[in-house]
Structure formats: C-alpha cells, structure tokens
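Text of the file protein23.csv, holding CSV, C-alpha atoms and all ligand atoms:
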chain,number,residue,atom,x,y,z
A,1,MET,CA,18.8,7.8,-24.8
A,2,SER,CA,15.2,7.0,-24.2
A,3,ASP,CA,13.1,9.0,-21.8
A,4,THR,CA,12.1,7.5,-18.4
A,5,ILE,CA,9.4,8.2,-15.9
A,6,ARG,CA,9.6,6.7,-12.4
A,7,ILE,CA,6.2,6.3,-10.6
A,8,ALA,CA,6.1,6.3,-6.9
A,9,THR,CA,3.2,4.1,-5.7
A,10,ARG,CA,1.8,2.4,-2.7
A,11,THR,CA,1.8,-1.3,-3.0
A,12,SER,CA,-1.9,-2.0,-2.2
A,13,PRO,CA,-3.7,-3.6,-5.1
A,14,LEU,CA,-5.8,-0.5,-5.8
A,15,ALA,CA,-2.7,1.8,-5.8
A,16,MET,CA,-0.8,-0.6,-8.0
A,17,TRP,CA,-3.8,-0.7,-10.4
A,18,GLN,CA,-3.9,3.1,-10.6
A,19,ALA,CA,-0.1,3.4,-11.2
A,20,GLU,CA,-0.2,0.7,-13.9
A,21,HIS,CA,-3.1,2.5,-15.5
A,22,VAL,CA,-1.1,5.7,-15.7
A,23,ALA,CA,1.9,3.7,-17.0
A,24,HIS,CA,-0.2,2.1,-19.7
A,25,ARG,CA,-1.8,5.4,-20.8
A,26,LEU,CA,1.7,7.1,-20.9
A,27,GLN,CA,3.1,4.2,-23.0
A,28,GLN,CA,0.2,4.4,-25.5
A,29,ILE,CA,0.7,8.1,-26.0
A,30,HIS,CA,4.5,8.1,-25.9
A,31,PRO,CA,5.8,4.8,-27.5
A,32,GLY,CA,9.3,4.2,-26.3
A,33,LEU,CA,8.9,5.9,-23.0
A,34,GLN,CA,10.4,3.8,-20.2
A,35,ILE,CA,8.4,3.5,-17.0
A,36,GLU,CA,9.7,2.3,-13.6
A,37,MET,CA,7.6,1.5,-10.6
A,38,VAL,CA,8.9,2.6,-7.3
A,39,GLY,CA,6.9,0.8,-4.6
A,40,MET,CA,6.5,2.4,-1.2
A,41,VAL,CA,4.8,1.4,2.0
A,42,THR,CA,3.1,4.4,3.8
A,43,ARG,CA,2.1,4.9,7.4
A,44,GLY,CA,-1.5,4.6,6.3
A,45,ASP,CA,-0.8,1.1,5.0
A,46,LYS,CA,0.9,0.0,8.2
A,47,ILE,CA,-1.7,1.2,10.7
A,48,LEU,CA,-4.7,-0.9,10.1
A,49,ASP,CA,-6.4,-1.2,13.4
A,50,SER,CA,-7.8,2.3,14.1
A,51,PRO,CA,-10.1,4.4,12.0
A,52,LEU,CA,-8.3,6.8,9.7
A,53,SER,CA,-10.1,9.7,11.1
A,54,LYS,CA,-8.4,9.1,14.5
A,55,ILE,CA,-4.9,8.7,13.3
A,56,GLY,CA,-4.4,11.7,11.1
A,57,GLY,CA,-6.4,11.2,7.9
A,58,LYS,CA,-5.4,11.7,4.3
A,59,GLY,CA,-1.8,12.7,4.6
A,60,LEU,CA,-0.9,9.3,5.9
A,61,PHE,CA,-1.0,7.8,2.5
A,62,VAL,CA,1.0,10.3,0.5
A,63,LYS,CA,3.9,11.7,2.6
A,64,GLU,CA,6.4,8.9,1.7
A,65,LEU,CA,5.5,9.3,-2.0
A,66,GLU,CA,6.1,13.1,-1.8
A,67,LEU,CA,9.5,12.7,-0.1
A,68,GLY,CA,10.4,10.3,-2.9
A,69,MET,CA,9.7,13.0,-5.5
A,70,LEU,CA,11.5,15.7,-3.6
A,71,GLU,CA,14.6,13.5,-3.1
A,72,GLY,CA,14.6,12.5,-6.7
A,73,SER,CA,13.9,8.7,-6.3
A,74,ALA,CA,10.7,9.1,-8.3
A,75,ASP,CA,9.2,11.6,-10.8
A,76,ILE,CA,5.4,11.3,-10.2
A,77,ALA,CA,3.0,9.9,-7.7
A,78,VAL,CA,-0.5,8.6,-8.6
A,79,HIS,CA,-3.2,9.2,-6.1
A,80,SER,CA,-6.9,8.5,-5.5
A,81,MET,CA,-8.1,12.2,-5.4
A,82,LYS,CA,-10.1,11.3,-2.3
A,83,ASP,CA,-6.9,10.7,-0.4
A,84,VAL,CA,-5.0,13.8,-1.5
A,85,PRO,CA,-4.5,16.5,1.2
A,86,MET,CA,-5.6,20.1,0.4
A,87,GLU,CA,-2.0,21.5,0.6
A,88,PHE,CA,1.1,20.3,-1.2
A,89,PRO,CA,4.6,20.5,0.1
A,90,GLU,CA,6.7,23.3,-1.4
A,91,GLY,CA,8.1,22.2,-4.7
A,92,LEU,CA,5.3,19.8,-5.6
A,93,HIS,CA,1.9,20.2,-7.2
A,94,LEU,CA,-0.9,18.2,-8.8
A,95,PRO,CA,-1.5,19.4,-12.4
A,96,ILE,CA,-3.3,16.3,-13.7
A,97,ILE,CA,-6.7,14.9,-12.8
A,98,MET,CA,-7.7,12.0,-15.0
A,99,GLU,CA,-11.2,10.9,-16.2
A,100,ARG,CA,-13.5,9.9,-13.3
A,101,GLU,CA,-14.6,6.3,-12.8
A,102,ASP,CA,-18.1,5.8,-11.3
A,103,PRO,CA,-18.1,8.2,-8.3
A,104,ARG,CA,-20.9,6.5,-6.3
A,105,ASP,CA,-20.7,4.4,-3.1
A,106,ALA,CA,-21.5,0.7,-3.5
A,107,PHE,CA,-23.5,-1.5,-1.2
A,108,VAL,CA,-22.1,-4.9,-0.9
A,109,SER,CA,-24.0,-7.7,0.9
A,110,ASN,CA,-24.4,-11.5,0.6
A,111,ARG,CA,-27.9,-11.4,2.0
A,112,TYR,CA,-29.6,-8.1,1.4
A,113,GLY,CA,-30.3,-6.0,-1.8
A,114,ASN,CA,-29.9,-2.4,-0.6
A,115,LEU,CA,-29.7,-0.2,2.5
A,116,ASP,CA,-33.5,0.1,2.5
A,117,GLU,CA,-33.8,-3.7,2.9
A,118,LEU,CA,-31.7,-4.0,6.0
A,119,PRO,CA,-33.6,-5.0,9.1
A,120,GLU,CA,-33.4,-3.3,12.5
A,121,ASP,CA,-29.9,-3.5,14.1
A,122,ALA,CA,-28.3,-4.9,10.9
A,123,ILE,CA,-24.5,-4.3,11.0
A,124,VAL,CA,-23.1,-2.0,8.3
A,125,GLY,CA,-19.3,-1.9,7.9
A,126,THR,CA,-17.6,1.4,7.1
A,127,SER,CA,-15.0,3.6,8.8
A,128,SER,CA,-15.7,6.7,6.8
A,129,LEU,CA,-17.2,9.4,8.9
A,130,ARG,CA,-19.0,10.7,5.8
A,131,ARG,CA,-20.7,7.3,5.2
A,132,GLN,CA,-21.5,6.8,8.9
A,133,THR,CA,-23.0,10.2,9.2
A,134,GLN,CA,-25.3,9.8,6.3
A,135,ILE,CA,-26.4,6.3,7.2
A,136,ARG,CA,-27.1,7.2,10.8
A,137,ALA,CA,-29.2,10.1,9.8
A,138,ARG,CA,-31.1,8.3,7.1
A,139,TYR,CA,-31.2,4.8,8.5
A,140,PRO,CA,-31.2,5.3,12.3
A,141,HIS,CA,-32.2,1.7,12.9
A,142,LEU,CA,-28.9,0.3,11.6
A,143,GLN,CA,-25.7,-0.4,13.5
A,144,ILE,CA,-22.4,0.9,12.2
A,145,LYS,CA,-19.2,-1.0,12.8
A,146,ASP,CA,-15.7,0.1,11.8
A,147,LEU,CA,-14.1,-1.5,8.7
A,148,ARG,CA,-10.6,-0.9,7.6
A,149,GLY,CA,-8.0,-2.5,5.3
A,150,ASN,CA,-7.7,-2.6,1.6
A,151,VAL,CA,-10.6,-3.5,-0.7
A,152,ASN,CA,-9.7,-7.2,-0.7
A,153,THR,CA,-9.5,-7.3,3.1
A,154,ARG,CA,-12.8,-5.6,3.5
A,155,LEU,CA,-14.6,-8.0,1.2
A,156,ALA,CA,-13.1,-10.9,3.2
A,157,LYS,CA,-14.4,-9.5,6.4
A,158,LEU,CA,-17.9,-9.3,5.0
A,159,ASP,CA,-17.6,-12.9,3.8
A,160,ASN,CA,-16.5,-14.0,7.3
A,161,GLY,CA,-19.9,-12.9,8.5
A,162,GLU,CA,-18.7,-9.9,10.6
A,163,TYR,CA,-21.1,-7.6,8.8
A,164,ASP,CA,-24.6,-7.8,7.2
A,165,ALA,CA,-23.4,-5.3,4.5
A,166,ILE,CA,-20.4,-3.0,3.8
A,167,ILE,CA,-20.1,0.2,1.9
A,168,LEU,CA,-17.1,0.8,-0.4
A,169,ALA,CA,-16.3,3.2,-3.3
A,170,ALA,CA,-17.7,1.6,-6.5
A,171,ALA,CA,-14.6,2.8,-8.3
A,172,GLY,CA,-12.2,0.7,-6.3
A,173,LEU,CA,-14.3,-2.4,-6.8
A,174,ILE,CA,-14.6,-1.8,-10.5
A,175,ARG,CA,-10.9,-1.3,-10.9
A,176,LEU,CA,-10.0,-4.4,-9.1
A,177,GLU,CA,-12.5,-6.5,-11.1
A,178,PHE,CA,-14.9,-6.9,-8.1
A,179,GLN,CA,-17.8,-5.3,-10.0
A,180,SER,CA,-19.8,-8.5,-9.6
A,181,ARG,CA,-19.6,-8.0,-5.8
A,182,ILE,CA,-21.6,-4.7,-6.1
A,183,THR,CA,-25.1,-5.6,-4.8
A,184,ALA,CA,-26.4,-2.0,-5.5
A,185,TYR,CA,-25.1,1.4,-6.3
A,186,LEU,CA,-26.1,3.9,-3.6
A,187,SER,CA,-27.8,6.9,-5.2
A,188,THR,CA,-26.2,10.2,-4.5
A,189,GLU,CA,-29.3,11.0,-2.4
A,190,GLN,CA,-28.7,7.9,-0.2
A,191,SER,CA,-24.9,8.6,0.1
A,192,LEU,CA,-23.4,11.7,-1.4
A,193,PRO,CA,-19.8,10.7,-2.5
A,194,ALA,CA,-16.5,11.9,-1.0
A,195,ILE,CA,-14.7,14.9,-2.5
A,196,GLY,CA,-12.7,13.5,-5.5
A,197,GLN,CA,-14.1,10.0,-5.2
A,198,GLY,CA,-13.5,7.9,-8.4
A,199,ALA,CA,-10.9,10.3,-9.8
A,200,VAL,CA,-7.1,9.6,-10.1
A,201,GLY,CA,-4.6,12.5,-9.9
A,202,ILE,CA,-1.0,12.8,-10.7
A,203,GLU,CA,1.4,14.8,-8.5
A,204,CYS,CA,4.9,15.9,-9.7
A,205,ARG,CA,7.6,18.4,-9.0
A,206,ARG,CA,7.0,22.0,-10.0
A,207,ASN,CA,9.4,23.3,-12.6
A,208,ASP,CA,9.8,19.9,-14.2
A,209,PRO,CA,8.6,20.7,-17.8
A,210,ARG,CA,9.9,17.4,-19.2
A,211,VAL,CA,7.6,15.4,-16.9
A,212,GLU,CA,4.7,17.8,-17.2
A,213,ASN,CA,4.8,17.7,-21.0
A,214,LEU,CA,4.6,13.9,-20.9
A,215,LEU,CA,1.7,14.0,-18.5
A,216,ALA,CA,-0.3,16.7,-20.2
A,217,PRO,CA,-2.4,14.5,-22.5
A,218,LEU,CA,-3.8,12.6,-19.4
A,219,LEU,CA,-5.7,15.6,-18.1
A,220,HIS,CA,-9.5,15.2,-18.3
A,221,PRO,CA,-10.7,18.8,-18.2
A,222,GLU,CA,-14.3,17.9,-17.1
A,223,THR,CA,-13.2,15.8,-14.2
A,224,ALA,CA,-10.6,18.4,-13.2
A,225,VAL,CA,-13.2,21.2,-13.0
A,226,ARG,CA,-15.6,19.0,-11.0
A,227,VAL,CA,-13.0,17.9,-8.6
A,228,ARG,CA,-11.6,21.4,-8.2
A,229,ALA,CA,-15.0,22.6,-7.1
A,230,GLU,CA,-15.4,19.8,-4.6
A,231,ARG,CA,-11.9,20.4,-3.2
A,232,ALA,CA,-12.5,24.2,-2.9
A,233,MET,CA,-15.5,23.4,-0.8
A,234,ASN,CA,-13.5,21.0,1.4
A,235,HIS,CA,-10.7,23.5,1.7
A,236,ARG,CA,-13.0,26.2,3.0
A,237,LEU,CA,-14.3,23.7,5.5
A,238,ASN,CA,-10.8,22.8,6.7
A,239,GLY,CA,-11.7,19.3,5.6
A,240,GLY,CA,-9.9,16.0,5.6
A,241,CYS,CA,-11.3,12.6,6.1
A,242,GLN,CA,-11.5,13.5,9.8
A,243,ILE,CA,-14.7,15.4,9.0
A,244,PRO,CA,-18.2,14.1,8.0
A,245,VAL,CA,-18.3,16.0,4.7
A,246,ALA,CA,-19.4,15.0,1.2
A,247,GLY,CA,-19.2,16.9,-2.0
A,248,PHE,CA,-20.1,16.1,-5.5
A,249,ALA,CA,-20.0,18.3,-8.6
A,250,GLU,CA,-21.4,17.6,-12.1
A,251,LEU,CA,-21.7,19.4,-15.4
A,252,VAL,CA,-25.4,20.1,-16.1
A,253,ASP,CA,-26.2,21.9,-19.3
A,254,GLY,CA,-22.8,23.4,-19.5
A,255,ASN,CA,-22.8,24.7,-16.0
A,256,LEU,CA,-21.2,23.3,-12.9
A,257,ARG,CA,-23.5,22.0,-10.2
A,258,LEU,CA,-22.1,21.3,-6.7
A,259,ARG,CA,-23.9,19.5,-3.9
A,260,GLY,CA,-22.3,19.6,-0.5
A,261,LEU,CA,-23.2,18.0,2.8
A,262,ILE,CA,-22.0,18.1,6.4
A,263,GLY,CA,-23.5,16.5,9.5
A,264,PHE,CA,-23.0,15.3,13.0
A,265,PRO,CA,-21.4,11.9,13.1
A,266,ASP,CA,-24.2,10.6,15.4
A,267,GLY,CA,-26.6,11.4,12.6
A,268,SER,CA,-28.6,13.9,14.7
A,269,ALA,CA,-28.5,16.6,11.9
A,270,LEU,CA,-27.5,16.8,8.2
A,271,TYR,CA,-27.0,20.0,6.4
A,272,SER,CA,-26.9,20.0,2.6
A,273,CYS,CA,-26.6,22.6,-0.1
A,274,GLU,CA,-26.8,22.6,-3.9
A,275,LYS,CA,-25.7,25.5,-6.1
A,276,THR,CA,-24.9,26.0,-9.8
A,277,GLY,CA,-22.2,28.2,-11.1
A,278,CYS,CA,-19.9,28.9,-14.0
A,279,VAL,CA,-17.4,26.2,-15.1
A,280,VAL,CA,-14.7,28.9,-15.3
A,281,ASP,CA,-14.7,29.4,-11.6
A,282,PRO,CA,-15.0,26.1,-9.7
A,283,ASN,CA,-13.2,27.7,-6.7
A,284,ALA,CA,-15.9,30.3,-6.2
A,285,LEU,CA,-18.7,27.7,-6.4
A,286,GLY,CA,-16.9,25.5,-3.8
A,287,ILE,CA,-16.5,28.4,-1.4
A,288,GLU,CA,-20.1,29.5,-1.9
A,289,VAL,CA,-21.4,26.0,-1.0
A,290,ALA,CA,-19.1,25.8,2.0
A,291,GLU,CA,-20.2,29.1,3.3
A,292,ASN,CA,-23.8,28.1,3.0
A,293,LEU,CA,-23.1,24.8,4.9
A,294,LEU,CA,-21.3,26.7,7.7
A,295,ALA,CA,-24.2,29.1,8.0
A,296,GLN,CA,-26.7,26.4,8.3
A,297,GLY,CA,-25.0,24.7,11.2
A,298,GLY,CA,-21.9,23.2,9.7
A,299,ASP,CA,-19.8,25.5,11.9
A,300,LYS,CA,-21.2,23.7,14.9
A,301,VAL,CA,-20.4,20.3,13.4
A,302,LEU,CA,-16.8,21.4,13.0
A,303,ALA,CA,-16.7,23.0,16.4
A,304,SER,CA,-17.9,19.7,17.9
A,305,LEU,CA,-14.9,18.0,16.3
A,306,GLY,CA,-12.5,20.6,17.5
A,307,ILE,CA,-12.0,22.2,14.0
A,308,HIS,CA,-12.1,25.9,13.4
A,309,ALA,CA,-13.5,26.9,10.0
A,401,LIG,N1,-10.0,5.7,1.4
A,401,LIG,C1,-9.5,4.6,0.7
A,401,LIG,C2,-9.9,4.8,-0.8
A,401,LIG,N2,-9.3,5.7,-1.6
A,401,LIG,C3,-9.9,5.6,-2.8
A,401,LIG,C4,-10.8,4.6,-2.8
A,401,LIG,C5,-11.6,4.1,-3.9
A,401,LIG,C6,-11.3,4.6,-5.3
A,401,LIG,C7,-11.6,6.1,-5.5
A,401,LIG,O1,-12.4,6.7,-4.8
A,401,LIG,O2,-11.0,6.6,-6.5
A,401,LIG,C8,-10.8,4.0,-1.5
A,401,LIG,C9,-11.5,2.8,-1.0
A,401,LIG,C10,-13.0,3.1,-0.6
A,401,LIG,O3,-13.3,4.2,-0.1
A,401,LIG,O4,-13.8,2.1,-0.7

Please go through the file and, once you have read it, give me the structure as structure tokens.
Amino acid sequence: MSDTIRIATRTSPLAMWQAEHVAHRLQQIHPGLQIEMVGMVTRGDKILDSPLSKIGGKGLFVKELELGMLEGSADIAVHSMKDVPMEFPEGLHLPIIMEREDPRDAFVSNRYGNLDELPEDAIVGTSSLRRQTQIRARYPHLQIKDLRGNVNTRLAKLDNGEYDAIILAAAGLIRLEFQSRITAYLSTEQSLPAIGQGAVGIECRRNDPRVENLLAPLLHPETAVRVRAERAMNHRLNGGCQIPVAGFAELVDGNLRLRGLIGFPDGSALYSCEKTGCVVDPNALGIEVAENLLAQGGDKVLASLGIHA
C-alpha cells in the first residue's frame, strides 16, 4: 500500500499555491507518495469587509485547518508563517519552516514609482497596522485607506482607481506570478517586514512520526532560526496582527541579527531596536529585542491598544 498525505488548505489562490508547492516538493523527495488536497474555507476568508485587526486577527485563518488535523480528515496544514498564531492547540505543532521567499513589502502603483514619489494626500491601500504605522510615521502627508481581500482582489481594487498605490507582501505577488506588478520593493528601512513574512510553515499532529519523517527534508534551518527569533519577539509582545509590530531577522557573518519595531498606529511615535545574538538561541534574542522595545515606549503602544505585555 502506498503512503498518503492529506493536506488541509484554504482555497485562496495563495494558499493553494503554497499547498501545491509542498505537495510538489514532497513528491520529488518521495516518489510514489500520494497527496490529497483537503480544501477548507475559514472565517478569515468569509469576513472580507472589516480590517483583520478588528475581527480577531491571525487565528481566523487557521482554526478550521487545525480541527481537520485533530479530527483526522487531514494530516498537515500549510501556512504563511505571517498568519500563524503564537500558540498551537494541544496535540498539534509546527516542526517545519521552509525556505523564505523575498520577505520585503512591495509597492504597487500604476502611476508612481515609489512611496517617496507620492504627492500630498495620495491614497495608499493597506489594512495592516504594521504597514499603516510605518507609513504614517515616515510619510505623514499620505492618506491610508483600508484594503482587504486576497491578492487578486487587492490588485483589482488598485486598477479600479480606488487607490494611488497599494502595499502587499512581495512573496505573495511573486508566488502568484504577479512579479511584473511590483513597481518597487520597499527597503526594510521604509517598511520593516512582518514576523515570518515570506516563509511557509507546516503544521501537523504531535506524535505522528510517519508524517514528520516525510516532512523532515523540507525544513530550511536558516529560515527556521530567523523566523523563530522573530516569533519569540512577537510572543513576548503578546503580538498578533492586531498590533503595529514588525520584526525581521537575518544571518550576518554567522550571527543572528534581529530588528524589531513597534509604534502608535497614528504614526506619532516609532520605536525600533536592533540586536545581534547567537544562532543557537533565537528565543533569547527575540525576547531581548522585545524587552528593549517595551522599555522604549512599546509598553505604552500596547496599553493604548488594550494589550498587557
Ligand atoms: N495577511 C495575508 C498574507 N499572508 C501572507 C501573505 C503573503 C505571503 C507571505 O508573507 O508569505 C499575505 C498577503 C500580504 O500581506 O500581502
């Protein structure tokens, strides 16, 4: 009897691409492995009219997939690491983080070349508190307008003329073959990326060695250590996508460098911190950066949003 893996996935084009990517990699490594796609619609896919930060954030996209694994209708779930909550339900974990795609934010416009070129009161589309906070602080003359929906929907809204420019993750655009729509890549100084942006992770049941052995070759250790540092920072800040936080780790000369940022959503203050630590302890580095951000004023940002760090 041949082995089978069932992949729980959302049915949005980006989620499907990521699930197919995992399927393809698994089949390359394990010829003969059968793969079944188990498509699911999550609450986050259904509620499209309010900003994610107001309706409960990251968990909205993963709960149904997790139930599927716990009930046995699926074996693994493929996630954008950016959308993965800090805690996993009992019985599940996320042992695999795959190689990162370009982690930067992308500027997409049909009329302007970069954020710096936008005129007074130009309308920039994004519903991410992280992006809004950084744009308001660095480009106070611009207007921010909410923008939700999947990647294809967002591009259509730009083309309808509702926005002068929109900001999206470069990774999603590249994966869906919209790379040609990227007008400019925002530097990490213009827009520090979200925790986990560009990385795909695989969640599965604990104590399921058959599945874990099949998945093991997909682990990308460098991406994993970077994302672990970013997530440790976010965890210490009690973060979700409800909070205006960015975090980006890189390997520099064999060490791990983490930059973190938190700010008031109205752009009135940004606090940032950069620290370098040892690759063997991404958790410690994440916590160190988080503590520094809290001490600078991040605690007040969180308090203003009703979050206790
Ligand atoms: N929040 C939705 C989401 N989750 C992951 C990506 C992009 C792909 C990635 O970061 O891996 C996006 C779209 C976006 O922010 O433009």

**OP:** List all protein, DNA and RNA residues that have any atom at most 10 Å from ligand LIG 401 (chain A), counting all atoms listed in the file, and write the list as a VMD selection string.
**Re:** chain A and resid 14 to 15 18 44 52 57 to 58 61 79 to 84 100 to 106 126 to 128 131 148 to 151 154 166 to 176 193 to 201 241

Original post:
Can you list, as a PyMOL selection string, every protein, DNA or RNA residue that comes within 9 Å of Leu305 (chain A) when you count all atoms listed in the file, leaving out same-chain residues fewer than 4 positions away?
Top reply: chain A and resi 242-243+300-301

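Here CA of Gly263 (chain A) is placed at a distance of 23.7 Å from CA of Gly277 (chain A).
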
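The point (-9.8, 13.7, -14.5) has these residues within 7 Å of it, counting only C-alpha atoms: Ile97, Met98, Glu99, Arg100, Ala199, Val200, Leu219, His220, Pro221, Glu222, Thr223 and Ala224 of chain A.
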
**OP:** Name the residues in contact with Gln132 (chain A) at a cut-off of 12 Å, using only C-alpha atoms, excluding same-chain residues fewer than 3 positions from it; report them as a PyMOL selection string.
**Re:** chain A and resi 53+123-129+135-140+142-147+166-168+190-192+243-246+262-268+270

Identify the residues around (-0.8, 17.8, -5.1) within a radius of 12 Å, measuring from all atoms listed in the file in the coordinates stated by the file, and give them as a tab-separated table (two decimals) with C-alpha atoms, in the coordinates of the input.
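Once everything was written out, this is part-v6.tsv:
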chain	number	residue	atom	x	y	z
A	59	GLY	CA	-1.80	12.70	4.60
A	62	VAL	CA	1.00	10.30	0.50
A	63	LYS	CA	3.90	11.70	2.60
A	65	LEU	CA	5.50	9.30	-2.00
A	66	GLU	CA	6.10	13.10	-1.80
A	69	MET	CA	9.70	13.00	-5.50
A	76	ILE	CA	5.40	11.30	-10.20
A	77	ALA	CA	3.00	9.90	-7.70
A	78	VAL	CA	-0.50	8.60	-8.60
A	79	HIS	CA	-3.20	9.20	-6.10
A	80	SER	CA	-6.90	8.50	-5.50
A	81	MET	CA	-8.10	12.20	-5.40
A	82	LYS	CA	-10.10	11.30	-2.30
A	83	ASP	CA	-6.90	10.70	-0.40
A	84	VAL	CA	-5.00	13.80	-1.50
A	85	PRO	CA	-4.50	16.50	1.20
A	86	MET	CA	-5.60	20.10	0.40
A	87	GLU	CA	-2.00	21.50	0.60
A	88	PHE	CA	1.10	20.30	-1.20
A	89	PRO	CA	4.60	20.50	0.10
A	90	GLU	CA	6.70	23.30	-1.40
A	91	GLY	CA	8.10	22.20	-4.70
A	92	LEU	CA	5.30	19.80	-5.60
A	93	HIS	CA	1.90	20.20	-7.20
A	94	LEU	CA	-0.90	18.20	-8.80
A	95	PRO	CA	-1.50	19.40	-12.40
A	96	ILE	CA	-3.30	16.30	-13.70
A	97	ILE	CA	-6.70	14.90	-12.80
A	200	VAL	CA	-7.10	9.60	-10.10
A	201	GLY	CA	-4.60	12.50	-9.90
A	202	ILE	CA	-1.00	12.80	-10.70
A	203	GLU	CA	1.40	14.80	-8.50
A	204	CYS	CA	4.90	15.90	-9.70
A	205	ARG	CA	7.60	18.40	-9.00
A	206	ARG	CA	7.00	22.00	-10.00
A	228	ARG	CA	-11.60	21.40	-8.20
A	231	ARG	CA	-11.90	20.40	-3.20

Give me the region 147-265 of chain A side of the contact with region 280-292 of chain A, cut-off 8 Å, one line per residue showing its nearest atom pair and distance in Å at one decimal, counting only C-alpha atoms, sorted by chain and residue number, as JSON lines.
{"residue": "A:Val225", "atom": "CA", "partner": "A:Pro282", "partner_atom": "CA", "distance": 6.2}
{"residue": "A:Arg226", "atom": "CA", "partner": "A:Pro282", "partner_atom": "CA", "distance": 7.2}
{"residue": "A:Arg228", "atom": "CA", "partner": "A:Pro282", "partner_atom": "CA", "distance": 6.0}
{"residue": "A:Ala229", "atom": "CA", "partner": "A:Pro282", "partner_atom": "CA", "distance": 4.4}
{"residue": "A:Glu230", "atom": "CA", "partner": "A:Gly286", "partner_atom": "CA", "distance": 5.9}
{"residue": "A:Arg231", "atom": "CA", "partner": "A:Gly286", "partner_atom": "CA", "distance": 7.2}
{"residue": "A:Ala232", "atom": "CA", "partner": "A:Gly286", "partner_atom": "CA", "distance": 4.7}
{"residue": "A:Met233", "atom": "CA", "partner": "A:Gly286", "partner_atom": "CA", "distance": 3.9}
{"residue": "A:Asn234", "atom": "CA", "partner": "A:Ala290", "partner_atom": "CA", "distance": 7.4}
{"residue": "A:Arg236", "atom": "CA", "partner": "A:Ile287", "partner_atom": "CA", "distance": 6.0}
{"residue": "A:Leu237", "atom": "CA", "partner": "A:Ala290", "partner_atom": "CA", "distance": 6.3}
{"residue": "A:Leu256", "atom": "CA", "partner": "A:Pro282", "partner_atom": "CA", "distance": 7.5}
{"residue": "A:Leu258", "atom": "CA", "partner": "A:Leu285", "partner_atom": "CA", "distance": 7.3}
{"residue": "A:Arg259", "atom": "CA", "partner": "A:Val289", "partner_atom": "CA", "distance": 7.5}
{"residue": "A:Gly260", "atom": "CA", "partner": "A:Val289", "partner_atom": "CA", "distance": 6.5}

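Each of A:Asn114, A:Asp164, A:Val108, A:Lys157 was checked against Arg181 (chain A) using all atoms listed in the file; the smallest atom-to-atom distance is that of A:Val108.
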
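For region 33-36 of chain A, the residues within 7 Å (counting all atoms listed in the file, excluding itself and residues fewer than 6 positions away along the chain) are Ser2, Asp3, Thr4, Ile5, Arg6, Ile7, Ala23 and Gln27 of chain A.
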
Original post:
Please, what distance in Å, to one decimal, runs between CA of Ile307 (chain A) and CA of Gly247 (chain A)?
Top reply: 18.3 Å

Subject >> Point-to-point distance in Å for CA of Thr188 (chain A) and CA of Tyr271 (chain A) >> reply: 14.7 Å

Once N, CA and C atoms are restored for region 275-291 of chain A, what would the output be as a PDB file, keeping the file's coordinate frame?
ATOM      1  N   LYS A 275     -25.729  24.247  -5.344  1.00  0.00           N
ATOM      2  CA  LYS A 275     -25.700  25.500  -6.100  1.00  0.00           C
ATOM      3  C   LYS A 275     -25.059  25.245  -7.461  1.00  0.00           C
ATOM      4  N   THR A 276     -25.442  26.110  -8.400  1.00  0.00           N
ATOM      5  CA  THR A 276     -24.900  26.000  -9.800  1.00  0.00           C
ATOM      6  C   THR A 276     -24.132  27.247 -10.087  1.00  0.00           C
ATOM      7  N   GLY A 277     -23.010  27.057 -10.745  1.00  0.00           N
ATOM      8  CA  GLY A 277     -22.200  28.200 -11.100  1.00  0.00           C
ATOM      9  C   GLY A 277     -21.500  27.976 -12.440  1.00  0.00           C
ATOM     10  N   CYS A 278     -20.598  28.881 -12.750  1.00  0.00           N
ATOM     11  CA  CYS A 278     -19.900  28.900 -14.000  1.00  0.00           C
ATOM     12  C   CYS A 278     -18.708  27.973 -14.007  1.00  0.00           C
ATOM     13  N   VAL A 279     -18.521  27.183 -15.087  1.00  0.00           N
ATOM     14  CA  VAL A 279     -17.400  26.200 -15.100  1.00  0.00           C
ATOM     15  C   VAL A 279     -16.033  26.949 -15.033  1.00  0.00           C
ATOM     16  N   VAL A 280     -15.998  28.241 -15.363  1.00  0.00           N
ATOM     17  CA  VAL A 280     -14.700  28.900 -15.300  1.00  0.00           C
ATOM     18  C   VAL A 280     -14.211  29.197 -13.932  1.00  0.00           C
ATOM     19  N   ASP A 281     -15.105  29.081 -12.946  1.00  0.00           N
ATOM     20  CA  ASP A 281     -14.700  29.400 -11.600  1.00  0.00           C
ATOM     21  C   ASP A 281     -15.123  28.370 -10.555  1.00  0.00           C
ATOM     22  N   PRO A 282     -14.561  27.159 -10.645  1.00  0.00           N
ATOM     23  CA  PRO A 282     -15.000  26.100  -9.700  1.00  0.00           C
ATOM     24  C   PRO A 282     -14.657  26.485  -8.257  1.00  0.00           C
ATOM     25  N   ASN A 283     -13.613  27.268  -8.058  1.00  0.00           N
ATOM     26  CA  ASN A 283     -13.200  27.700  -6.700  1.00  0.00           C
ATOM     27  C   ASN A 283     -14.346  28.487  -6.033  1.00  0.00           C
ATOM     28  N   ALA A 284     -14.889  29.451  -6.795  1.00  0.00           N
ATOM     29  CA  ALA A 284     -15.900  30.300  -6.200  1.00  0.00           C
ATOM     30  C   ALA A 284     -17.144  29.496  -5.843  1.00  0.00           C
ATOM     31  N   LEU A 285     -17.518  28.534  -6.677  1.00  0.00           N
ATOM     32  CA  LEU A 285     -18.700  27.700  -6.400  1.00  0.00           C
ATOM     33  C   LEU A 285     -18.438  26.872  -5.122  1.00  0.00           C
ATOM     34  N   GLY A 286     -17.258  26.306  -5.024  1.00  0.00           N
ATOM     35  CA  GLY A 286     -16.900  25.500  -3.800  1.00  0.00           C
ATOM     36  C   GLY A 286     -17.013  26.314  -2.573  1.00  0.00           C
ATOM     37  N   ILE A 287     -16.488  27.529  -2.627  1.00  0.00           N
ATOM     38  CA  ILE A 287     -16.500  28.400  -1.400  1.00  0.00           C
ATOM     39  C   ILE A 287     -17.926  28.800  -1.093  1.00  0.00           C
ATOM     40  N   GLU A 288     -18.724  29.078  -2.110  1.00  0.00           N
ATOM     41  CA  GLU A 288     -20.100  29.500  -1.900  1.00  0.00           C
ATOM     42  C   GLU A 288     -20.892  28.370  -1.170  1.00  0.00           C
ATOM     43  N   VAL A 289     -20.722  27.140  -1.641  1.00  0.00           N
ATOM     44  CA  VAL A 289     -21.400  26.000  -1.000  1.00  0.00           C
ATOM     45  C   VAL A 289     -20.927  25.818   0.422  1.00  0.00           C
ATOM     46  N   ALA A 290     -19.612  25.929   0.613  1.00  0.00           N
ATOM     47  CA  ALA A 290     -19.100  25.800   2.000  1.00  0.00           C
ATOM     48  C   ALA A 290     -19.606  26.800   2.915  1.00  0.00           C
ATOM     49  N   GLU A 291     -19.659  28.053   2.462  1.00  0.00           N
ATOM     50  CA  GLU A 291     -20.200  29.100   3.300  1.00  0.00           C
ATOM     51  C   GLU A 291     -21.610  28.869   3.719  1.00  0.00           C
TER      52      GLU A 291
END
